[in-house]
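Engineer: My structure is stored as upload-v3.tsv, with TSV, N, CA and C atoms.
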chain	number	residue	atom	x	y	z
U	1	MET	N	-74.86	93.39	211.25
U	1	MET	CA	-74.63	93.45	209.81
U	1	MET	C	-74.31	94.90	209.45
U	2	ASN	N	-73.17	95.10	208.85
U	2	ASN	CA	-72.79	96.46	208.51
U	2	ASN	C	-73.17	96.80	207.07
U	3	ILE	N	-72.99	98.03	206.72
U	3	ILE	CA	-73.42	98.55	205.43
U	3	ILE	C	-72.61	97.96	204.27
U	4	ILE	N	-71.35	97.61	204.51
U	4	ILE	CA	-70.52	97.05	203.44
U	4	ILE	C	-71.01	95.67	203.04
U	5	SER	N	-71.38	94.85	204.02
U	5	SER	CA	-71.87	93.51	203.68
U	5	SER	C	-73.22	93.57	202.96
U	6	ILE	N	-74.04	94.54	203.33
U	6	ILE	CA	-75.31	94.72	202.62
U	6	ILE	C	-75.06	95.15	201.18
U	7	PHE	N	-74.10	96.06	200.97
U	7	PHE	CA	-73.77	96.52	199.63
U	7	PHE	C	-73.21	95.37	198.79
U	8	MET	N	-72.36	94.54	199.37
U	8	MET	CA	-71.78	93.41	198.63
U	8	MET	C	-72.87	92.40	198.25
U	9	ALA	N	-73.83	92.17	199.15
U	9	ALA	CA	-74.94	91.25	198.84
U	9	ALA	C	-75.80	91.81	197.72
U	10	MET	N	-76.06	93.11	197.75
U	10	MET	CA	-76.87	93.73	196.69
U	10	MET	C	-76.13	93.69	195.36
U	11	GLN	N	-74.82	93.89	195.39
U	11	GLN	CA	-74.03	93.85	194.15
U	11	GLN	C	-74.11	92.46	193.52
U	12	GLY	N	-74.00	91.41	194.33
U	12	GLY	CA	-74.10	90.06	193.81
U	12	GLY	C	-75.48	89.76	193.26
U	13	ALA	N	-76.51	90.25	193.94
U	13	ALA	CA	-77.89	90.01	193.48
U	13	ALA	C	-78.15	90.71	192.15
U	14	VAL	N	-77.66	91.92	192.01
U	14	VAL	CA	-77.86	92.66	190.76
U	14	VAL	C	-77.09	92.00	189.62
U	15	ALA	N	-75.86	91.56	189.89
U	15	ALA	CA	-75.07	90.89	188.85
U	15	ALA	C	-75.77	89.62	188.38
U	16	GLN	N	-76.29	88.84	189.30
U	16	GLN	CA	-76.99	87.63	188.92
U	16	GLN	C	-78.28	87.95	188.17
U	17	GLY	N	-78.97	88.99	188.58
U	17	GLY	CA	-80.19	89.39	187.89
U	17	GLY	C	-79.94	89.82	186.46
U	18	VAL	N	-78.85	90.53	186.23
U	18	VAL	CA	-78.50	90.95	184.87
U	18	VAL	C	-78.18	89.74	184.01
U	19	LEU	N	-77.44	88.78	184.56
U	19	LEU	CA	-77.10	87.58	183.78
U	19	LEU	C	-78.34	86.76	183.44
U	20	TRP	N	-79.23	86.56	184.40
U	20	TRP	CA	-80.44	85.80	184.13
U	20	TRP	C	-81.37	86.58	183.21
U	21	GLY	N	-81.30	87.90	183.25
U	21	GLY	CA	-82.10	88.72	182.35
U	21	GLY	C	-81.72	88.51	180.89
U	22	VAL	N	-80.43	88.32	180.62
U	22	VAL	CA	-79.97	88.07	179.25
U	22	VAL	C	-80.54	86.74	178.75
U	23	MET	N	-80.52	85.72	179.59
U	23	MET	CA	-81.07	84.43	179.19
U	23	MET	C	-82.59	84.53	178.97
U	24	THR	N	-83.24	85.28	179.82
U	24	THR	CA	-84.68	85.47	179.68
U	24	THR	C	-85.02	86.15	178.36
U	25	LEU	N	-84.20	87.12	177.96
U	25	LEU	CA	-84.41	87.76	176.66
U	25	LEU	C	-84.27	86.77	175.52
U	26	GLY	N	-83.33	85.85	175.64
U	26	GLY	CA	-83.17	84.82	174.60
U	26	GLY	C	-84.40	83.95	174.48
U	27	VAL	N	-84.95	83.53	175.60
U	27	VAL	CA	-86.16	82.70	175.58
U	27	VAL	C	-87.34	83.51	175.05
U	28	TYR	N	-87.45	84.76	175.49
U	28	TYR	CA	-88.55	85.63	175.06
U	28	TYR	C	-88.51	85.87	173.54
U	29	LEU	N	-87.32	86.16	173.02
U	29	LEU	CA	-87.21	86.45	171.59
U	29	LEU	C	-87.57	85.23	170.74
U	30	THR	N	-87.10	84.05	171.14
U	30	THR	CA	-87.46	82.88	170.33
U	30	THR	C	-88.95	82.59	170.42
U	31	PHE	N	-89.53	82.87	171.56
U	31	PHE	CA	-90.97	82.60	171.70
U	31	PHE	C	-91.79	83.61	170.90
U	32	ARG	N	-91.42	84.89	170.93
U	32	ARG	CA	-92.20	85.91	170.24
U	32	ARG	C	-91.88	86.01	168.75
U	33	VAL	N	-90.61	85.92	168.38
U	33	VAL	CA	-90.24	86.10	166.98
U	33	VAL	C	-90.47	84.81	166.18
U	34	LEU	N	-89.99	83.68	166.71
U	34	LEU	CA	-90.12	82.42	165.98
U	34	LEU	C	-91.40	81.67	166.31
U	35	ASN	N	-92.09	82.10	167.35
U	35	ASN	CA	-93.33	81.49	167.80
U	35	ASN	C	-93.15	80.04	168.23
U	36	ILE	N	-91.96	79.74	168.80
U	36	ILE	CA	-91.72	78.42	169.38
U	36	ILE	C	-91.10	78.63	170.76
U	37	ALA	N	-91.32	77.67	171.63
U	37	ALA	CA	-90.71	77.72	172.96
U	37	ALA	C	-89.39	76.96	172.88
U	38	ASP	N	-88.29	77.68	172.66
U	38	ASP	CA	-86.98	77.07	172.48
U	38	ASP	C	-86.26	77.01	173.82
U	39	MET	N	-86.00	75.82	174.31
U	39	MET	CA	-85.33	75.64	175.59
U	39	MET	C	-83.82	75.55	175.45
U	40	THR	N	-83.30	75.69	174.25
U	40	THR	CA	-81.86	75.61	174.04
U	40	THR	C	-81.12	76.71	174.78
U	41	CYS	N	-81.77	77.83	175.01
U	41	CYS	CA	-81.12	78.95	175.70
U	41	CYS	C	-80.59	78.56	177.07
U	42	ASP	N	-81.30	77.70	177.78
U	42	ASP	CA	-80.83	77.26	179.09
U	42	ASP	C	-79.49	76.55	178.99
U	43	GLY	N	-79.35	75.68	178.03
U	43	GLY	CA	-78.10	74.94	177.87
U	43	GLY	C	-76.97	75.78	177.30
U	44	THR	N	-77.30	76.67	176.34
U	44	THR	CA	-76.24	77.47	175.73
U	44	THR	C	-75.71	78.54	176.67
U	45	PHE	N	-76.54	78.98	177.61
U	45	PHE	CA	-76.10	79.95	178.60
U	45	PHE	C	-74.98	79.34	179.44
U	46	ALA	N	-75.17	78.12	179.89
U	46	ALA	CA	-74.14	77.43	180.66
U	46	ALA	C	-72.96	77.02	179.78
U	47	LEU	N	-73.22	76.72	178.51
U	47	LEU	CA	-72.14	76.37	177.59
U	47	LEU	C	-71.17	77.52	177.43
U	48	GLY	N	-71.70	78.72	177.24
U	48	GLY	CA	-70.84	79.89	177.11
U	48	GLY	C	-70.01	80.13	178.35
U	49	GLY	N	-70.62	79.96	179.51
U	49	GLY	CA	-69.89	80.15	180.76
U	49	GLY	C	-68.79	79.13	180.94
U	50	SER	N	-69.07	77.87	180.62
U	50	SER	CA	-68.04	76.84	180.80
U	50	SER	C	-66.90	77.00	179.80
U	51	VAL	N	-67.20	77.36	178.57
U	51	VAL	CA	-66.15	77.57	177.57
U	51	VAL	C	-65.27	78.76	177.97
U	52	CYS	N	-65.90	79.84	178.39
U	52	CYS	CA	-65.13	81.01	178.81
U	52	CYS	C	-64.26	80.69	180.03
U	53	ALA	N	-64.80	79.97	180.99
U	53	ALA	CA	-64.05	79.64	182.20
U	53	ALA	C	-62.83	78.79	181.87
U	54	VAL	N	-63.01	77.79	181.05
U	54	VAL	CA	-61.88	76.91	180.71
U	54	VAL	C	-60.84	77.67	179.90
U	55	MET	N	-61.27	78.51	178.98
U	55	MET	CA	-60.31	79.25	178.17
U	55	MET	C	-59.55	80.28	179.00
U	56	VAL	N	-60.22	80.93	179.92
U	56	VAL	CA	-59.53	81.90	180.79
U	56	VAL	C	-58.55	81.17	181.70
U	57	MET	N	-58.94	80.01	182.21
U	57	MET	CA	-58.02	79.22	183.05
U	57	MET	C	-56.79	78.77	182.27
U	58	ASN	N	-56.91	78.61	180.97
U	58	ASN	CA	-55.78	78.21	180.12
U	58	ASN	C	-55.10	79.41	179.47
U	59	ASN	N	-55.27	80.58	180.06
U	59	ASN	CA	-54.57	81.82	179.67
U	59	ASN	C	-54.89	82.31	178.27
U	60	PHE	N	-56.12	82.12	177.82
U	60	PHE	CA	-56.57	82.73	176.58
U	60	PHE	C	-57.06	84.15	176.88
U	61	ASN	N	-57.09	84.96	175.86
U	61	ASN	CA	-57.63	86.31	175.97
U	61	ASN	C	-59.13	86.20	176.28
U	62	PRO	N	-59.62	86.92	177.30
U	62	PRO	CA	-61.05	86.83	177.64
U	62	PRO	C	-61.97	87.23	176.49
U	63	TYR	N	-61.56	88.17	175.65
U	63	TYR	CA	-62.39	88.56	174.51
U	63	TYR	C	-62.46	87.43	173.48
U	64	PHE	N	-61.35	86.75	173.29
U	64	PHE	CA	-61.36	85.59	172.40
U	64	PHE	C	-62.23	84.48	172.97
U	65	ALA	N	-62.21	84.33	174.30
U	65	ALA	CA	-63.05	83.32	174.97
U	65	ALA	C	-64.53	83.64	174.76
U	66	LEU	N	-64.89	84.91	174.84
U	66	LEU	CA	-66.29	85.30	174.59
U	66	LEU	C	-66.69	85.02	173.15
U	67	LEU	N	-65.78	85.28	172.23
U	67	LEU	CA	-66.06	85.02	170.82
U	67	LEU	C	-66.25	83.51	170.57
U	68	ALA	N	-65.40	82.70	171.18
U	68	ALA	CA	-65.53	81.24	171.05
U	68	ALA	C	-66.85	80.77	171.65
U	69	ALA	N	-67.23	81.32	172.79
U	69	ALA	CA	-68.50	80.95	173.43
U	69	ALA	C	-69.68	81.33	172.55
U	70	PHE	N	-69.58	82.48	171.90
U	70	PHE	CA	-70.64	82.93	170.99
U	70	PHE	C	-70.83	81.95	169.85
U	71	PHE	N	-69.72	81.54	169.22
U	71	PHE	CA	-69.83	80.63	168.09
U	71	PHE	C	-70.26	79.23	168.50
U	72	LEU	N	-69.87	78.79	169.68
U	72	LEU	CA	-70.37	77.50	170.16
U	72	LEU	C	-71.86	77.57	170.47
U	73	GLY	N	-72.34	78.72	170.94
U	73	GLY	CA	-73.77	78.92	171.14
U	73	GLY	C	-74.53	78.87	169.82
U	74	LEU	N	-73.93	79.48	168.78
U	74	LEU	CA	-74.53	79.39	167.44
U	74	LEU	C	-74.60	77.95	166.96
U	75	LEU	N	-73.53	77.20	167.21
U	75	LEU	CA	-73.51	75.80	166.81
U	75	LEU	C	-74.57	74.99	167.55
U	76	ALA	N	-74.74	75.25	168.83
U	76	ALA	CA	-75.76	74.55	169.61
U	76	ALA	C	-77.16	74.88	169.10
U	77	GLY	N	-77.41	76.13	168.78
U	77	GLY	CA	-78.69	76.51	168.19
U	77	GLY	C	-78.90	75.87	166.83
U	78	GLY	N	-77.82	75.76	166.07
U	78	GLY	CA	-77.91	75.10	164.77
U	78	GLY	C	-78.24	73.62	164.90
U	79	ILE	N	-77.72	72.99	165.93
U	79	ILE	CA	-78.04	71.58	166.16
U	79	ILE	C	-79.52	71.43	166.51
U	80	THR	N	-80.03	72.35	167.31
U	80	THR	CA	-81.47	72.31	167.62
U	80	THR	C	-82.29	72.51	166.36
U	81	GLY	N	-81.88	73.45	165.52
U	81	GLY	CA	-82.57	73.66	164.25
U	81	GLY	C	-82.52	72.44	163.35
U	82	PHE	N	-81.37	71.77	163.33
U	82	PHE	CA	-81.23	70.55	162.54
U	82	PHE	C	-82.16	69.45	163.05
U	83	LEU	N	-82.22	69.30	164.37
U	83	LEU	CA	-83.12	68.29	164.95
U	83	LEU	C	-84.57	68.56	164.56
U	84	HIS	N	-84.93	69.84	164.55
U	84	HIS	CA	-86.33	70.19	164.25
U	84	HIS	C	-86.65	70.09	162.76
U	85	THR	N	-85.79	70.64	161.92
U	85	THR	CA	-86.13	70.72	160.49
U	85	THR	C	-85.82	69.44	159.73
U	86	LYS	N	-84.68	68.88	159.93
U	86	LYS	CA	-84.28	67.71	159.14
U	86	LYS	C	-84.75	66.39	159.74
U	87	LEU	N	-84.71	66.27	161.07
U	87	LEU	CA	-85.12	65.02	161.70
U	87	LEU	C	-86.59	65.03	162.11
U	88	LYS	N	-87.27	66.15	161.87
U	88	LYS	CA	-88.71	66.30	162.12
U	88	LYS	C	-89.10	66.05	163.58
U	89	ILE	N	-88.23	66.48	164.50
U	89	ILE	CA	-88.55	66.40	165.92
U	89	ILE	C	-89.26	67.69	166.28
U	90	GLN	N	-90.32	67.60	167.07
U	90	GLN	CA	-91.09	68.78	167.45
U	90	GLN	C	-90.16	69.80	168.12
U	91	GLU	N	-90.40	71.10	167.86
U	91	GLU	CA	-89.46	72.15	168.27
U	91	GLU	C	-89.20	72.18	169.78
U	92	LEU	N	-90.23	71.98	170.58
U	92	LEU	CA	-90.04	71.98	172.03
U	92	LEU	C	-89.18	70.81	172.46
U	93	LEU	N	-89.43	69.63	171.92
U	93	LEU	CA	-88.65	68.46	172.26
U	93	LEU	C	-87.21	68.59	171.77
U	94	ALA	N	-87.02	69.17	170.57
U	94	ALA	CA	-85.66	69.37	170.06
U	94	ALA	C	-84.87	70.30	170.98
U	95	GLY	N	-85.50	71.35	171.48
U	95	GLY	CA	-84.84	72.26	172.41
U	95	GLY	C	-84.51	71.59	173.73
U	96	ILE	N	-85.43	70.76	174.22
U	96	ILE	CA	-85.19	70.06	175.48
U	96	ILE	C	-84.07	69.03	175.31
U	97	LEU	N	-84.03	68.35	174.18
U	97	LEU	CA	-82.96	67.39	173.91
U	97	LEU	C	-81.60	68.10	173.85
U	98	SER	N	-81.55	69.23	173.17
U	98	SER	CA	-80.30	69.98	173.09
U	98	SER	C	-79.87	70.50	174.45
U	99	MET	N	-80.81	71.03	175.21
U	99	MET	CA	-80.51	71.56	176.53
U	99	MET	C	-79.97	70.47	177.44
U	100	THR	N	-80.59	69.31	177.42
U	100	THR	CA	-80.15	68.21	178.26
U	100	THR	C	-78.77	67.70	177.84
U	101	ALA	N	-78.56	67.59	176.54
U	101	ALA	CA	-77.26	67.14	176.04
U	101	ALA	C	-76.16	68.14	176.38
U	102	LEU	N	-76.49	69.44	176.36
U	102	LEU	CA	-75.48	70.45	176.62
U	102	LEU	C	-74.99	70.43	178.06
U	103	TYR	N	-75.81	69.99	178.99
U	103	TYR	CA	-75.32	69.88	180.37
U	103	TYR	C	-74.21	68.85	180.47
U	104	SER	N	-74.34	67.73	179.76
U	104	SER	CA	-73.27	66.73	179.73
U	104	SER	C	-72.05	67.27	178.99
U	105	VAL	N	-72.28	68.00	177.91
U	105	VAL	CA	-71.18	68.59	177.15
U	105	VAL	C	-70.42	69.60	178.02
U	106	ASN	N	-71.14	70.39	178.80
U	106	ASN	CA	-70.51	71.38	179.66
U	106	ASN	C	-69.59	70.73	180.68
U	107	ILE	N	-70.04	69.65	181.28
U	107	ILE	CA	-69.21	68.95	182.25
U	107	ILE	C	-67.99	68.35	181.56
U	108	ARG	N	-68.17	67.86	180.36
U	108	ARG	CA	-67.04	67.31	179.59
U	108	ARG	C	-66.04	68.39	179.23
U	109	ILE	N	-66.52	69.57	178.86
U	109	ILE	CA	-65.63	70.68	178.52
U	109	ILE	C	-64.80	71.10	179.72
U	110	MET	N	-65.46	71.22	180.88
U	110	MET	CA	-64.75	71.67	182.07
U	110	MET	C	-63.91	70.56	182.70
U	111	GLY	N	-64.27	69.32	182.46
U	111	GLY	CA	-63.54	68.22	183.05
U	111	GLY	C	-63.93	67.93	184.48
U	112	ARG	N	-64.75	68.74	185.07
U	112	ARG	CA	-65.27	68.57	186.43
U	112	ARG	C	-66.55	69.40	186.55
U	113	SER	N	-67.16	69.34	187.71
U	113	SER	CA	-68.46	70.00	187.84
U	113	SER	C	-68.37	71.50	188.04
U	114	ASN	N	-67.20	72.02	188.41
U	114	ASN	CA	-67.06	73.45	188.67
U	114	ASN	C	-65.65	73.90	188.31
U	115	THR	N	-65.54	75.05	187.72
U	115	THR	CA	-64.24	75.64	187.40
U	115	THR	C	-64.15	76.99	188.10
U	116	PRO	N	-63.45	77.06	189.24
U	116	PRO	CA	-63.37	78.32	189.98
U	116	PRO	C	-62.46	79.32	189.28
U	117	LEU	N	-62.89	80.57	189.24
U	117	LEU	CA	-62.11	81.62	188.59
U	117	LEU	C	-61.56	82.64	189.59
U	118	LEU	N	-61.81	82.44	190.87
U	118	LEU	CA	-61.30	83.37	191.87
U	118	LEU	C	-59.78	83.35	191.89
U	119	GLY	N	-59.19	84.52	191.84
U	119	GLY	CA	-57.73	84.63	191.86
U	119	GLY	C	-57.08	84.43	190.52
U	120	GLN	N	-57.84	84.21	189.47
U	120	GLN	CA	-57.29	84.00	188.14
U	120	GLN	C	-56.94	85.34	187.52
U	121	LYS	N	-55.73	85.47	187.00
U	121	LYS	CA	-55.27	86.70	186.34
U	121	LYS	C	-55.86	86.76	184.94
U	122	LEU	N	-56.45	87.91	184.59
U	122	LEU	CA	-57.02	88.08	183.24
U	122	LEU	C	-56.03	88.68	182.30
Write the structure described by the file as structure tokens, please.
Structural biologist:
Amino acid sequence: MNIISIFMAMQGAVAQGVLWGVMTLGVYLTFRVLNIADMTCDGTFALGGSVCAVMVMNNFNPYFALLAAFFLGLLAGGITGFLHTKLKIQELLAGILSMTALYSVNIRIMGRSNTPLLGQKL
């Protein structure tokens, strides 16, 4: 094993750690600020990735794709809030329902289980 392969493995591990750290902050903030355990962050994290991947594959501007992913994440959080406040579903269950539904939505958005971005021109 040479030094380049070790460096590439560390780079991938750090990149994944940073991405999961952002999701962890989302869960932490909802738990500490709102005092509820909101599981919607798990589903919206994947929603943003799938929306960005599909938009980049269809030659949209990556910054516009990030903006679209942001607003779809807001919409998903709003749906969770609607389930909790208007339909009187307990906050943890509303988050779990949204998270579970978003996995199906993500597959529907991508049209398949995976959208590879390797070799895609930005």
Engineer: Point out the residue among U:Val105, U:Ile89, U:Cys52, U:Ile96 with the least atom-to-atom distance to Thr40 (chain U), counting only C-alpha atoms.
Structural biologist: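 Using only C-alpha atoms, the shortest distance to Thr40 (chain U) belongs to U:Ile96.
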Engineer: What separation in Å, quoted to one decimal, exists between CA of Asn58 (chain U) and atom N of Gly111 (chain U)?
Structural biologist: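 For CA of Asn58 (chain U) relative to atom N of Gly111 (chain U), the distance reads 12.5 Å.
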Engineer: Ranking U:Val27, U:Leu118, U:Ile3, U:Leu47 by minimum distance to Tyr103 (chain U) and counting only N, CA and C atoms, which one comes first?
Structural biologist: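 Answer, going by the shortest atom-to-atom distance: U:Leu47.
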Engineer: Just give me the gap between CA of Leu66 (chain U) and CA of Gly26 (chain U) in Å, one decimal is fine.
Structural biologist: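 Interatomic distance, CA of Leu66 (chain U) to CA of Gly26 (chain U): 16.9 Å.
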Engineer: Between atom C of Gly119 (chain U) and CA of Asn2 (chain U), what distance in Å does the model show, to one decimal?
Structural biologist: 26.7 Å
Engineer: Could you pull the residues within 10 Å of Val56 (chain U), counting only C-alpha atoms, minus those fewer than 6 positions along the same chain, as a list in words?
Structural biologist: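 Contacts, with the query itself left out: Ser50, Pro62, Tyr63, Phe64, Ala65, Leu66, Leu117, Gln120, Lys121 and Leu122 of chain U.
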Engineer: Enclose the full set of atoms of region 91-106 of chain U listed in the file within a box whose edges lie along x, y and z, apply 4 Å of padding to each of the six sides, and report centre and edge lengths in Å to one decimal as lines of an AutoDock Vina configuration file.
Structural biologist:
center_x = -80.0
center_y = 69.5
center_z = 174.3
size_x = 28.8
size_y = 13.5
size_z = 20.8
Engineer: Can you pull out every residue within 7 Å of Ala94 (chain U), counting only N, CA and C atoms, but drop anything in the same chain fewer than 2 positions away, and send it as a VMD selection string?
Structural biologist: chain U and resid 39 to 40 80 to 81 83 to 84 89 to 92 96 to 99
Engineer: For a quick check of understanding, using only C-alpha atoms, which of U:Met55, U:Val14, U:Leu93, U:Ala76 has the smallest distance to Asp38 (chain U)?
Structural biologist: U:Leu93
